[in-house]
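start_36.txt follows (compact mmCIF, C-alpha atoms and all ligand atoms):
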# COMPACT_ATOMS: atom_id res chain seq x y z
CA MET A 1 0.00 0.00 0.00
CA LYS A 2 1.38 3.40 -0.97
CA ASP A 3 1.44 6.11 1.72
CA GLN A 4 -0.91 8.93 0.78
CA PRO A 5 -1.47 12.21 2.63
CA GLY A 6 -3.87 11.53 5.52
CA SER A 7 -3.55 7.75 5.26
CA PRO A 8 -2.53 5.77 8.37
CA GLY A 9 1.24 5.53 8.81
CA PRO A 10 3.18 2.26 8.97
CA LEU A 11 3.26 2.25 12.78
CA LEU A 12 -0.51 2.48 13.08
CA ARG A 13 -0.93 -0.15 10.38
CA SER A 14 1.34 -2.65 12.09
CA ALA A 15 -0.31 -1.93 15.48
CA ALA A 16 -3.74 -2.59 13.91
CA ALA A 17 -2.50 -5.83 12.36
CA ALA A 18 -0.99 -6.96 15.68
CA LEU A 19 -4.22 -6.14 17.52
CA SER A 20 -6.20 -8.08 14.94
CA ARG A 21 -4.07 -11.17 15.56
CA ILE A 22 -5.19 -10.99 19.21
CA LEU A 23 -8.81 -9.86 18.75
CA ASP A 24 -9.90 -11.67 15.57
CA PRO A 25 -10.08 -15.09 17.28
CA THR A 26 -12.76 -13.65 19.61
CA ILE A 27 -15.04 -13.48 16.50
CA VAL A 28 -17.24 -10.74 18.07
CA LEU A 29 -14.45 -8.13 17.93
CA SER A 30 -13.77 -9.10 14.33
CA PHE A 31 -17.22 -9.52 12.79
CA ASP A 32 -18.51 -6.34 14.50
CA ARG A 33 -17.96 -2.75 13.43
CA SER A 34 -14.85 -2.31 15.60
CA GLY A 35 -13.34 -5.21 13.64
CA PHE A 36 -14.17 -3.48 10.37
CA ARG A 37 -12.57 -0.20 11.50
CA ARG A 38 -9.44 -1.98 12.71
CA HIS A 39 -9.11 -4.10 9.54
CA ALA A 40 -9.78 -1.02 7.39
CA ILE A 41 -6.61 0.66 8.68
CA ASN A 42 -4.77 -1.73 6.39
CA PHE A 43 -7.07 -1.28 3.38
CA ASP A 44 -5.61 0.45 0.34
CA PRO A 45 -8.19 3.09 -0.65
CA ALA A 46 -6.72 3.12 -4.16
CA ASP A 47 -8.06 -0.44 -4.66
CA LEU A 48 -11.55 0.99 -5.13
CA ASP A 49 -10.46 3.75 -7.55
CA ALA A 50 -11.97 2.09 -10.57
CA ASP A 51 -13.81 3.36 -13.60
CA LEU A 52 -16.46 0.76 -14.39
CA LYS A 53 -17.90 2.54 -17.43
CA GLY A 54 -18.85 -0.08 -20.02
CA ARG A 55 -19.00 -2.89 -17.43
CA THR A 56 -22.20 -4.79 -16.75
CA CYS A 57 -22.76 -5.88 -13.15
CA LEU A 58 -25.62 -8.01 -11.80
CA VAL A 59 -26.53 -8.11 -8.10
CA THR A 60 -29.21 -10.46 -6.77
CA GLY A 61 -31.33 -9.29 -3.83
CA ALA A 62 -30.16 -5.74 -4.52
CA ASN A 63 -33.19 -3.98 -3.11
CA SER A 64 -31.90 -3.82 0.46
CA GLY A 65 -28.99 -4.28 2.85
CA ILE A 66 -25.65 -5.49 1.52
CA GLY A 67 -26.96 -5.97 -2.03
CA PHE A 68 -28.21 -2.39 -2.18
CA ALA A 69 -24.91 -1.04 -0.83
CA THR A 70 -22.99 -3.16 -3.36
CA ALA A 71 -25.14 -1.88 -6.23
CA GLU A 72 -24.58 1.68 -5.02
CA GLY A 73 -20.79 1.24 -5.02
CA LEU A 74 -20.86 -0.25 -8.52
CA ALA A 75 -23.18 2.42 -9.92
CA ALA A 76 -21.12 5.22 -8.34
CA ARG A 77 -18.13 3.93 -10.34
CA GLY A 78 -20.02 4.11 -13.64
CA ALA A 79 -21.09 0.48 -14.13
CA SER A 80 -24.32 -0.52 -15.78
CA VAL A 81 -25.99 -2.19 -12.81
CA TRP A 82 -28.81 -4.73 -12.93
CA LEU A 83 -30.81 -5.23 -9.74
CA LEU A 84 -32.17 -8.78 -9.75
CA CYS A 85 -35.04 -8.65 -7.28
CA ARG A 86 -37.97 -10.97 -6.62
CA SER A 87 -40.36 -8.05 -6.11
CA ARG A 88 -40.73 -5.69 -9.07
CA GLU A 89 -41.99 -2.96 -6.74
CA ARG A 90 -39.12 -3.21 -4.24
CA GLY A 91 -36.68 -3.37 -7.15
CA ALA A 92 -38.15 -0.22 -8.70
CA GLN A 93 -37.99 1.64 -5.38
CA ALA A 94 -34.35 0.63 -4.94
CA ALA A 95 -33.51 1.73 -8.49
CA LEU A 96 -35.07 5.13 -7.81
CA ALA A 97 -33.08 5.53 -4.59
CA LEU A 98 -29.86 4.42 -6.31
CA ARG A 99 -30.36 6.83 -9.22
CA GLU A 100 -30.82 9.66 -6.73
CA ALA A 101 -27.83 8.65 -4.63
CA THR A 102 -25.39 8.11 -7.50
CA GLY A 103 -26.75 10.18 -10.41
CA SER A 104 -26.39 7.03 -12.55
CA ARG A 105 -28.68 6.56 -15.54
CA SER A 106 -27.58 2.96 -15.97
CA ILE A 107 -29.54 1.21 -13.24
CA HIS A 108 -31.95 -1.48 -14.39
CA VAL A 109 -34.32 -3.82 -12.63
CA ALA A 110 -35.12 -7.42 -13.54
CA THR A 111 -37.67 -9.46 -11.65
CA VAL A 112 -35.92 -12.69 -10.73
CA ASP A 113 -36.76 -15.09 -7.92
CA VAL A 114 -33.48 -16.94 -7.38
CA ALA A 115 -35.30 -19.77 -5.58
CA ASP A 116 -37.35 -20.49 -8.71
CA PHE A 117 -35.64 -22.20 -11.65
CA GLY A 118 -38.37 -21.05 -14.07
CA SER A 119 -37.85 -17.42 -13.09
CA ILE A 120 -34.06 -17.76 -13.53
CA ARG A 121 -34.44 -19.44 -16.92
CA ARG A 122 -36.85 -16.75 -18.15
CA PHE A 123 -34.47 -14.01 -17.06
CA ALA A 124 -31.39 -15.63 -18.62
CA ALA A 125 -33.20 -16.34 -21.89
CA GLY A 126 -34.34 -12.72 -22.21
CA PHE A 127 -31.22 -10.94 -20.95
CA ARG A 128 -29.82 -8.93 -23.83
CA ALA A 129 -26.51 -7.52 -22.51
CA GLY A 130 -23.58 -8.74 -24.61
CA ALA A 131 -21.38 -9.59 -21.63
CA VAL A 132 -21.57 -9.88 -17.86
CA ASP A 133 -18.49 -8.59 -16.04
CA VAL A 134 -19.63 -9.03 -12.43
CA LEU A 135 -22.25 -11.39 -10.99
CA VAL A 136 -22.90 -11.01 -7.27
CA HIS A 137 -24.90 -13.79 -5.61
CA ASN A 138 -26.14 -11.78 -2.65
CA ALA A 139 -29.80 -12.84 -2.20
CA GLY A 140 -30.16 -15.06 0.85
CA VAL A 141 -32.79 -16.42 3.23
CA LEU A 142 -33.02 -17.95 6.68
CA PRO A 143 -36.59 -19.30 6.91
CA ASP A 144 -38.26 -20.34 10.18
CA GLU A 145 -40.06 -23.24 8.59
CA ARG A 146 -39.38 -25.89 6.00
CA VAL A 147 -40.80 -24.73 2.68
CA LEU A 148 -40.44 -26.49 -0.67
CA THR A 149 -40.17 -24.46 -3.88
CA ALA A 150 -42.17 -25.20 -7.04
CA ASP A 151 -39.15 -27.22 -8.21
CA GLY A 152 -39.33 -29.38 -5.07
CA ASN A 153 -36.19 -28.01 -3.42
CA GLU A 154 -36.03 -26.82 0.18
CA LEU A 155 -36.16 -23.01 0.08
CA THR A 156 -32.81 -22.27 1.78
CA LEU A 157 -31.01 -24.72 -0.51
CA ALA A 158 -32.76 -23.28 -3.57
CA THR A 159 -32.09 -19.62 -2.72
CA ASN A 160 -28.55 -19.83 -1.40
CA LEU A 161 -27.12 -22.62 -3.55
CA LEU A 162 -29.11 -24.07 -6.45
CA GLY A 163 -30.49 -20.83 -7.91
CA PRO A 164 -27.08 -19.10 -7.91
CA LEU A 165 -25.51 -22.19 -9.53
CA LEU A 166 -28.15 -22.29 -12.29
CA LEU A 167 -27.92 -18.53 -12.87
CA THR A 168 -24.12 -18.70 -13.17
CA LEU A 169 -24.26 -21.55 -15.67
CA LEU A 170 -26.99 -19.99 -17.81
CA LEU A 171 -25.03 -16.72 -17.92
CA LEU A 172 -21.75 -18.48 -18.68
CA PRO A 173 -21.64 -17.43 -22.37
CA LYS A 174 -21.98 -13.78 -21.25
CA LEU A 175 -19.43 -14.21 -18.45
CA ARG A 176 -17.03 -15.69 -21.00
CA ALA A 177 -17.71 -12.80 -23.36
CA SER A 178 -16.43 -10.41 -20.68
CA GLY A 179 -12.96 -11.89 -20.89
CA ALA A 180 -12.40 -10.86 -17.25
CA ALA A 181 -15.57 -11.75 -15.36
CA ARG A 182 -15.94 -12.10 -11.62
CA VAL A 183 -18.56 -14.16 -9.78
CA ILE A 184 -18.98 -13.46 -6.07
CA PHE A 185 -20.89 -15.47 -3.48
CA VAL A 186 -21.95 -13.60 -0.36
CA SER A 187 -21.63 -16.37 2.21
CA SER A 188 -21.64 -16.03 6.00
CA GLY A 189 -19.30 -16.53 8.94
CA GLY A 190 -22.01 -18.95 10.12
CA MET A 191 -20.61 -21.46 7.62
CA TYR A 192 -17.66 -22.00 10.00
CA THR A 193 -19.99 -24.07 12.22
CA GLN A 194 -20.76 -26.61 9.47
CA ARG A 195 -19.12 -29.56 7.82
CA LEU A 196 -20.14 -29.91 4.17
CA SER A 197 -22.96 -32.42 3.95
CA ALA A 198 -25.23 -33.39 1.09
CA ALA A 199 -27.20 -35.81 3.29
CA ASP A 200 -30.89 -34.93 3.46
CA PRO A 201 -30.52 -31.50 1.77
CA ASP A 202 -34.31 -30.96 1.78
CA TRP A 203 -34.73 -31.79 5.49
CA LYS A 204 -37.10 -34.68 4.72
CA SER A 205 -36.04 -36.87 7.63
CA ARG A 206 -35.08 -34.33 10.32
CA ARG A 207 -36.87 -31.62 12.23
CA PHE A 208 -36.18 -28.40 10.30
CA ASP A 209 -33.64 -26.04 11.86
CA GLY A 210 -33.47 -22.79 9.88
CA VAL A 211 -30.18 -21.60 11.38
CA ALA A 212 -28.48 -24.92 10.58
CA ALA A 213 -30.01 -25.00 7.06
CA TYR A 214 -28.74 -21.46 6.47
CA ALA A 215 -25.24 -22.17 7.77
CA GLN A 216 -24.99 -25.44 5.80
CA THR A 217 -25.96 -23.76 2.52
CA LYS A 218 -23.46 -20.97 3.27
CA ARG A 219 -20.78 -23.68 3.67
CA MET A 220 -22.00 -25.14 0.34
CA GLN A 221 -21.56 -21.73 -1.33
CA VAL A 222 -17.89 -21.66 -0.29
CA THR A 223 -17.30 -25.17 -1.67
CA LEU A 224 -19.21 -24.34 -4.85
CA ALA A 225 -17.04 -21.25 -5.36
CA GLU A 226 -13.97 -23.51 -5.18
CA LEU A 227 -15.44 -25.97 -7.69
CA LEU A 228 -16.56 -23.25 -10.08
CA ALA A 229 -13.23 -21.43 -9.79
CA GLU A 230 -11.52 -24.52 -11.15
CA ALA A 231 -14.10 -25.25 -13.83
CA LEU A 232 -14.35 -21.67 -15.09
CA ALA A 233 -10.63 -20.85 -15.07
CA PRO A 234 -10.29 -21.69 -18.80
CA PHE A 235 -12.93 -19.03 -19.51
CA GLN A 236 -11.13 -16.22 -17.63
CA VAL A 237 -13.92 -16.19 -15.05
CA VAL A 238 -12.75 -15.84 -11.44
CA VAL A 239 -15.00 -16.93 -8.58
CA HIS A 240 -14.81 -15.66 -5.01
CA SER A 241 -16.73 -16.27 -1.82
CA MET A 242 -16.72 -13.93 1.14
CA HIS A 243 -18.47 -13.14 4.39
CA PRO A 244 -19.53 -9.66 5.42
CA GLY A 245 -19.21 -9.92 9.20
CA TRP A 246 -22.36 -8.82 11.05
CA ALA A 247 -24.26 -5.97 9.39
CA ASP A 248 -27.50 -4.30 10.42
CA THR A 249 -29.91 -5.26 7.64
CA PRO A 250 -33.60 -6.24 7.33
CA ALA A 251 -32.63 -9.93 7.19
CA VAL A 252 -30.84 -9.81 10.54
CA ARG A 253 -33.70 -7.86 12.13
CA SER A 254 -36.42 -10.23 10.90
CA SER A 255 -34.68 -13.63 10.88
CA LEU A 256 -32.55 -13.23 14.02
CA PRO A 257 -34.48 -10.77 16.24
CA ARG A 258 -32.79 -11.84 19.49
CA PHE A 259 -29.32 -11.68 17.94
CA HIS A 260 -30.18 -8.25 16.53
CA ALA A 261 -31.45 -6.96 19.88
CA ALA A 262 -28.26 -8.12 21.60
CA THR A 263 -25.82 -6.80 19.00
CA ARG A 264 -27.49 -3.81 17.37
CA HIS A 265 -25.02 -1.31 18.88
CA ILE A 266 -22.02 -3.12 17.45
CA LEU A 267 -23.32 -4.19 14.04
CA ARG A 268 -21.66 -2.95 10.87
CA SER A 269 -23.47 -0.69 8.45
CA PRO A 270 -24.66 -2.35 5.21
CA ALA A 271 -21.90 -0.43 3.36
CA GLN A 272 -19.26 -1.86 5.73
CA GLY A 273 -20.74 -5.34 5.15
CA ALA A 274 -20.62 -4.71 1.38
CA ASP A 275 -17.06 -3.35 1.33
CA THR A 276 -15.38 -6.68 0.52
CA VAL A 277 -18.04 -7.54 -2.09
CA LEU A 278 -17.27 -4.27 -3.85
CA TRP A 279 -13.53 -4.79 -3.46
CA LEU A 280 -13.80 -8.27 -5.01
CA ALA A 281 -15.88 -6.81 -7.85
CA VAL A 282 -13.59 -3.92 -8.74
CA SER A 283 -10.04 -4.19 -7.38
CA ALA A 284 -7.20 -5.29 -9.64
CA VAL A 285 -5.92 -7.51 -6.80
CA ALA A 286 -9.08 -9.63 -6.86
CA ARG A 287 -8.52 -10.60 -10.53
CA HIS A 288 -5.32 -12.43 -9.58
CA SER A 289 -6.84 -15.28 -7.61
CA SER A 290 -9.90 -17.48 -7.74
CA GLY A 291 -11.74 -19.84 -5.42
CA ARG A 292 -10.70 -18.23 -2.16
CA PHE A 293 -12.80 -17.11 0.82
CA TRP A 294 -12.49 -13.43 1.81
CA PHE A 295 -13.34 -11.24 4.77
CA ASP A 296 -12.39 -7.57 5.09
CA ARG A 297 -10.29 -7.72 1.91
CA LYS A 298 -8.13 -10.61 3.14
CA ALA A 299 -8.20 -14.27 2.12
CA ARG A 300 -9.23 -16.26 5.19
CA PRO A 301 -9.20 -19.94 6.12
CA THR A 302 -12.34 -21.88 5.23
CA HIS A 303 -12.21 -23.87 8.48
CA LEU A 304 -11.65 -22.77 12.07
CA LEU A 305 -12.50 -26.16 13.60
CA SER A 306 -11.03 -29.51 12.60
CA ARG A 307 -14.46 -31.18 12.92
CA THR A 308 -15.82 -29.20 9.96
CA ARG A 309 -13.21 -30.45 7.45
CA GLU A 310 -14.87 -32.47 4.71
CA THR A 311 -13.54 -35.66 3.11
CA PRO A 312 -13.16 -36.19 -0.66
CA ALA A 313 -16.29 -38.37 -0.41
CA ASP A 314 -18.26 -35.43 1.11
CA ARG A 315 -17.17 -33.27 -1.83
CA GLN A 316 -18.13 -35.99 -4.29
CA ARG A 317 -21.61 -36.26 -2.77
CA PHE A 318 -21.92 -32.48 -2.94
CA ARG A 319 -20.96 -32.49 -6.64
CA ALA A 320 -23.55 -35.22 -7.22
CA LEU A 321 -26.22 -33.13 -5.48
CA CYS A 322 -25.40 -30.11 -7.69
CA ALA A 323 -25.49 -32.27 -10.82
CA GLU A 324 -28.75 -33.95 -9.82
CA ARG A 325 -30.60 -30.69 -9.12
CA VAL A 326 -28.97 -28.48 -11.78
CA PRO A 327 -28.44 -30.60 -14.91
CA GLU A 328 -26.32 -27.86 -16.57
CA PHE A 329 -23.65 -28.56 -13.94
CA ARG A 330 -23.05 -32.02 -15.50
CA SER A 331 -21.85 -30.66 -18.81
CA LEU A 332 -19.63 -27.97 -17.30
CA ALA A 333 -16.47 -30.07 -17.45
CA ALA A 334 -17.12 -30.80 -21.11
CA ALA A 335 -17.72 -27.13 -22.04
CA ALA A 336 -16.37 -25.73 -25.29
CA PRO A 337 -13.13 -23.70 -25.48
CA PRO A 338 -13.27 -20.06 -24.32
CA ALA A 339 -15.03 -17.45 -26.43
CA PRO A 340 -12.85 -14.63 -27.74
CA SER A 341 -12.44 -11.76 -25.24
CA ARG A 342 -14.31 -8.55 -25.80
CA PRO A 343 -11.86 -5.71 -26.51
CA ARG A 344 -11.53 -3.19 -23.64
N1 LIG A 401 -26.33 -8.91 7.44
C1 LIG A 401 -25.44 -9.76 7.92
O1 LIG A 401 -24.91 -9.61 9.03
C2 LIG A 401 -25.02 -10.94 7.10
C3 LIG A 401 -24.09 -11.82 7.66
C4 LIG A 401 -23.68 -12.90 6.91
C5 LIG A 401 -24.18 -13.08 5.63
N2 LIG A 401 -25.10 -12.22 5.12
C6 LIG A 401 -25.60 -12.48 3.76
O2 LIG A 401 -25.71 -11.26 3.06
C7 LIG A 401 -26.66 -11.41 2.02
C8 LIG A 401 -27.56 -10.20 2.00
O3 LIG A 401 -28.33 -10.16 3.18
P1 LIG A 401 -28.63 -8.84 4.00
O4 LIG A 401 -28.13 -9.05 5.36
O5 LIG A 401 -28.20 -7.65 3.22
O6 LIG A 401 -30.22 -8.91 4.12
P2 LIG A 401 -31.42 -8.19 3.34
O7 LIG A 401 -31.21 -6.70 3.38
O8 LIG A 401 -32.68 -8.71 3.90
O9 LIG A 401 -31.21 -8.68 1.86
C9 LIG A 401 -31.57 -9.94 1.43
C10 LIG A 401 -31.99 -9.77 -0.02
O10 LIG A 401 -32.20 -11.05 -0.60
C11 LIG A 401 -33.40 -10.97 -1.32
N3 LIG A 401 -33.96 -12.27 -1.57
C12 LIG A 401 -34.31 -13.23 -0.68
N4 LIG A 401 -34.81 -14.30 -1.33
C13 LIG A 401 -34.77 -14.01 -2.65
C14 LIG A 401 -35.16 -14.70 -3.81
N5 LIG A 401 -35.69 -15.92 -3.76
N6 LIG A 401 -34.97 -14.11 -5.02
C15 LIG A 401 -34.43 -12.87 -5.10
N7 LIG A 401 -34.07 -12.16 -4.02
C16 LIG A 401 -34.24 -12.72 -2.81
C17 LIG A 401 -34.29 -10.11 -0.46
O11 LIG A 401 -35.41 -9.67 -1.20
P3 LIG A 401 -36.78 -9.18 -0.46
O12 LIG A 401 -36.53 -7.77 -0.02
O13 LIG A 401 -37.78 -9.31 -1.55
O14 LIG A 401 -37.01 -10.11 0.69
C18 LIG A 401 -33.31 -8.99 -0.13
O15 LIG A 401 -33.21 -8.09 -1.20
C19 LIG A 401 -27.38 -12.72 2.29
O16 LIG A 401 -26.91 -13.72 1.42
C20 LIG A 401 -27.00 -13.04 3.72
O17 LIG A 401 -27.00 -14.42 3.97
C21 LIG A 401 -25.53 -11.16 5.83
Could you express the structure from this file as structure tokens?
Amino acid sequence: MKDQPGSPGPLLRSAAAALSRILDPTIVLSFDRSGFRRHAINFDPADLDADLKGRTCLVTGANSGIGFATAEGLAARGASVWLLCRSRERGAQAALALREATGSRSIHVATVDVADFGSIRRFAAGFRAGAVDVLVHNAGVLPDERVLTADGNELTLATNLLGPLLLTLLLLPKLRASGAARVIFVSSGGMYTQRLSAADPDWKSRRFDGVAAYAQTKRMQVTLAELLAEALAPFQVVVHSMHPGWADTPAVRSSLPRFHAATRHILRSPAQGADTVLWLAVSAVARHSSGRFWFDRKARPTHLLSRTRETPADRQRFRALCAERVPEFRSLAAAAPPAPSRPR
């Protein structure tokens, strides 16, 4: 990081890094807003100095929280931003607010329910942009009850894993056409509690536990990002997963009311939660790796506990689940050679 006038000096930066080595293992003082401020001392502000004019960026669940803040950061840098929202009305309201906040005239809304394969297929078939440069899988749910989608998938699995996988694969020709595309999964620190498991993904033979279903599908997102990173490397598509820490958003208020009540004074703002999503979408640094898991602009381990480490057989069962539910995943390995890059 280059020293700029007003930027923290090397002493402060090394003190912040040393403090993080002590405080980050507490989780609370890392995922909270004090953690963000401390980690941010070592951010390079120049990483976000990007001109995204001519780039097309898609953000699912962009009408509130982290998705909205991500869309705002992309639009403010000149990108053509598509808000993929399940409610046309909430999408239109968000677009209005984003146009006012950024002055952008390139904000578009598409009605897409990422838990519904038909909705995803209709969107992908009708999407006319020549290339997709950034695809952010941000939409997420933590339902109280077991619900099956029209496709027969449990809702958490469909929203957090299967829909994003299908959307990525249907948009692959446009991601390839970018020549430098980035796909980002907004996972959760909750995934650290889970070992990858494809057993009973629809909760048919267990009492439904929304928090566990959420955390398991967030673990699945991290593994999927690793698998896709490998499979899409020949197409110059990089794939990242990340977690935002704890941010004060409608999802946290409605799905985890007790957690929200206990932590509301220390939660990050949605923009702080979105910072690493934006950084992965725009920074030059984030084009140089693929398949890693990020938090506050740093690659992080995908396991904190030895009991969550999966076996090769767990990964194989997970691949089989993806291939069974999303047939396009089967042909990925046999995909054609990369399309020519679009000139920039
Ligand atoms: N906030 C945190 O502390 C935190 C921590 C870890 C991970 N995350 C992750 O961050 C992401 C964003 O969440 P948030 O905290 O910003 O909450 P949020 O403000 O409630 O945003 C969630 C978004 O997802 C959308 N969504 C849900 N199901 C959808 C579907 N089937 N199709 C399309 N859109 C759908 C919601 O749309 P509606 O408005 O129509 O419901 C909303 O726009 C999620 O993936 C979440 O798991 C958040």
(message) as a ChimeraX atom specification, please: every protein or nucleic acid residue near ligand LIG 401 (chain A) (cut-off 8 Å, counting all atoms listed in the file).
(response) /A:60-68,84-87,90,112-116,137-142,158-160,185-190,214,218,243-252,267-268,270,273
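Between atom CA of A:Ala281 and atom CA of A:His260 the interatomic distance comes to 28.3 Å.
Between A:Ala320 and the candidates A:Ala199, A:Gln236, A:Ile41, A:Ser269, the tightest atom-to-atom separation, counting all atoms listed in the file, involves A:Ala199.
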(request) Dig up all the protein and nucleic acid residues within 12 Å of (-22.1, -18.8, -22.1) in the file frame, using all atoms listed in the file, and format them as an NGL selection string. (result) :A and (124-125 or 130-132 or 167-179 or 181 or 232 or 235 or 237 or 328 or 332 or 335-340)
(message) Calculated over only C-alpha atoms, which of the candidates A:Thr26, A:Asn42, A:Thr149, A:Gln216 has the smallest distance to A:Ser7?
(response)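 The answer is A:Asn42, which sits nearest to A:Ser7.
Distances from A:Ala271, A:Val134, A:Leu165, A:Ala110 to A:Cys322 were compared using only C-alpha atoms, and the smallest one belongs to A:Leu165.
Taking atom CA of A:Gly73 and atom CA of A:Ala40 as the two end points, the separation is 16.7 Å.
Compared by their closest atoms to A:Thr56, and using all atoms listed in the file, the residues A:Ala233, A:Ala79, A:Ala198, A:Leu148 rank with A:Ala79 nearest.
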(request) Can you work out which one of A:Thr263, A:Ser205, A:Ser241, A:Gln272 has the shortest atom-to-atom distance to A:Met220, counting all atoms listed in the file? (result)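 Of the candidates, the smallest distance to A:Met220 is held by A:Ser241.
For A:Leu304, the non-local neighbours within 10 Å, defined as residues at least 4 positions apart in the same chain or in other chains and counting only C-alpha atoms, are Pro25, Tyr192, Thr193, Arg300, Thr308 and Arg309 of chain A.
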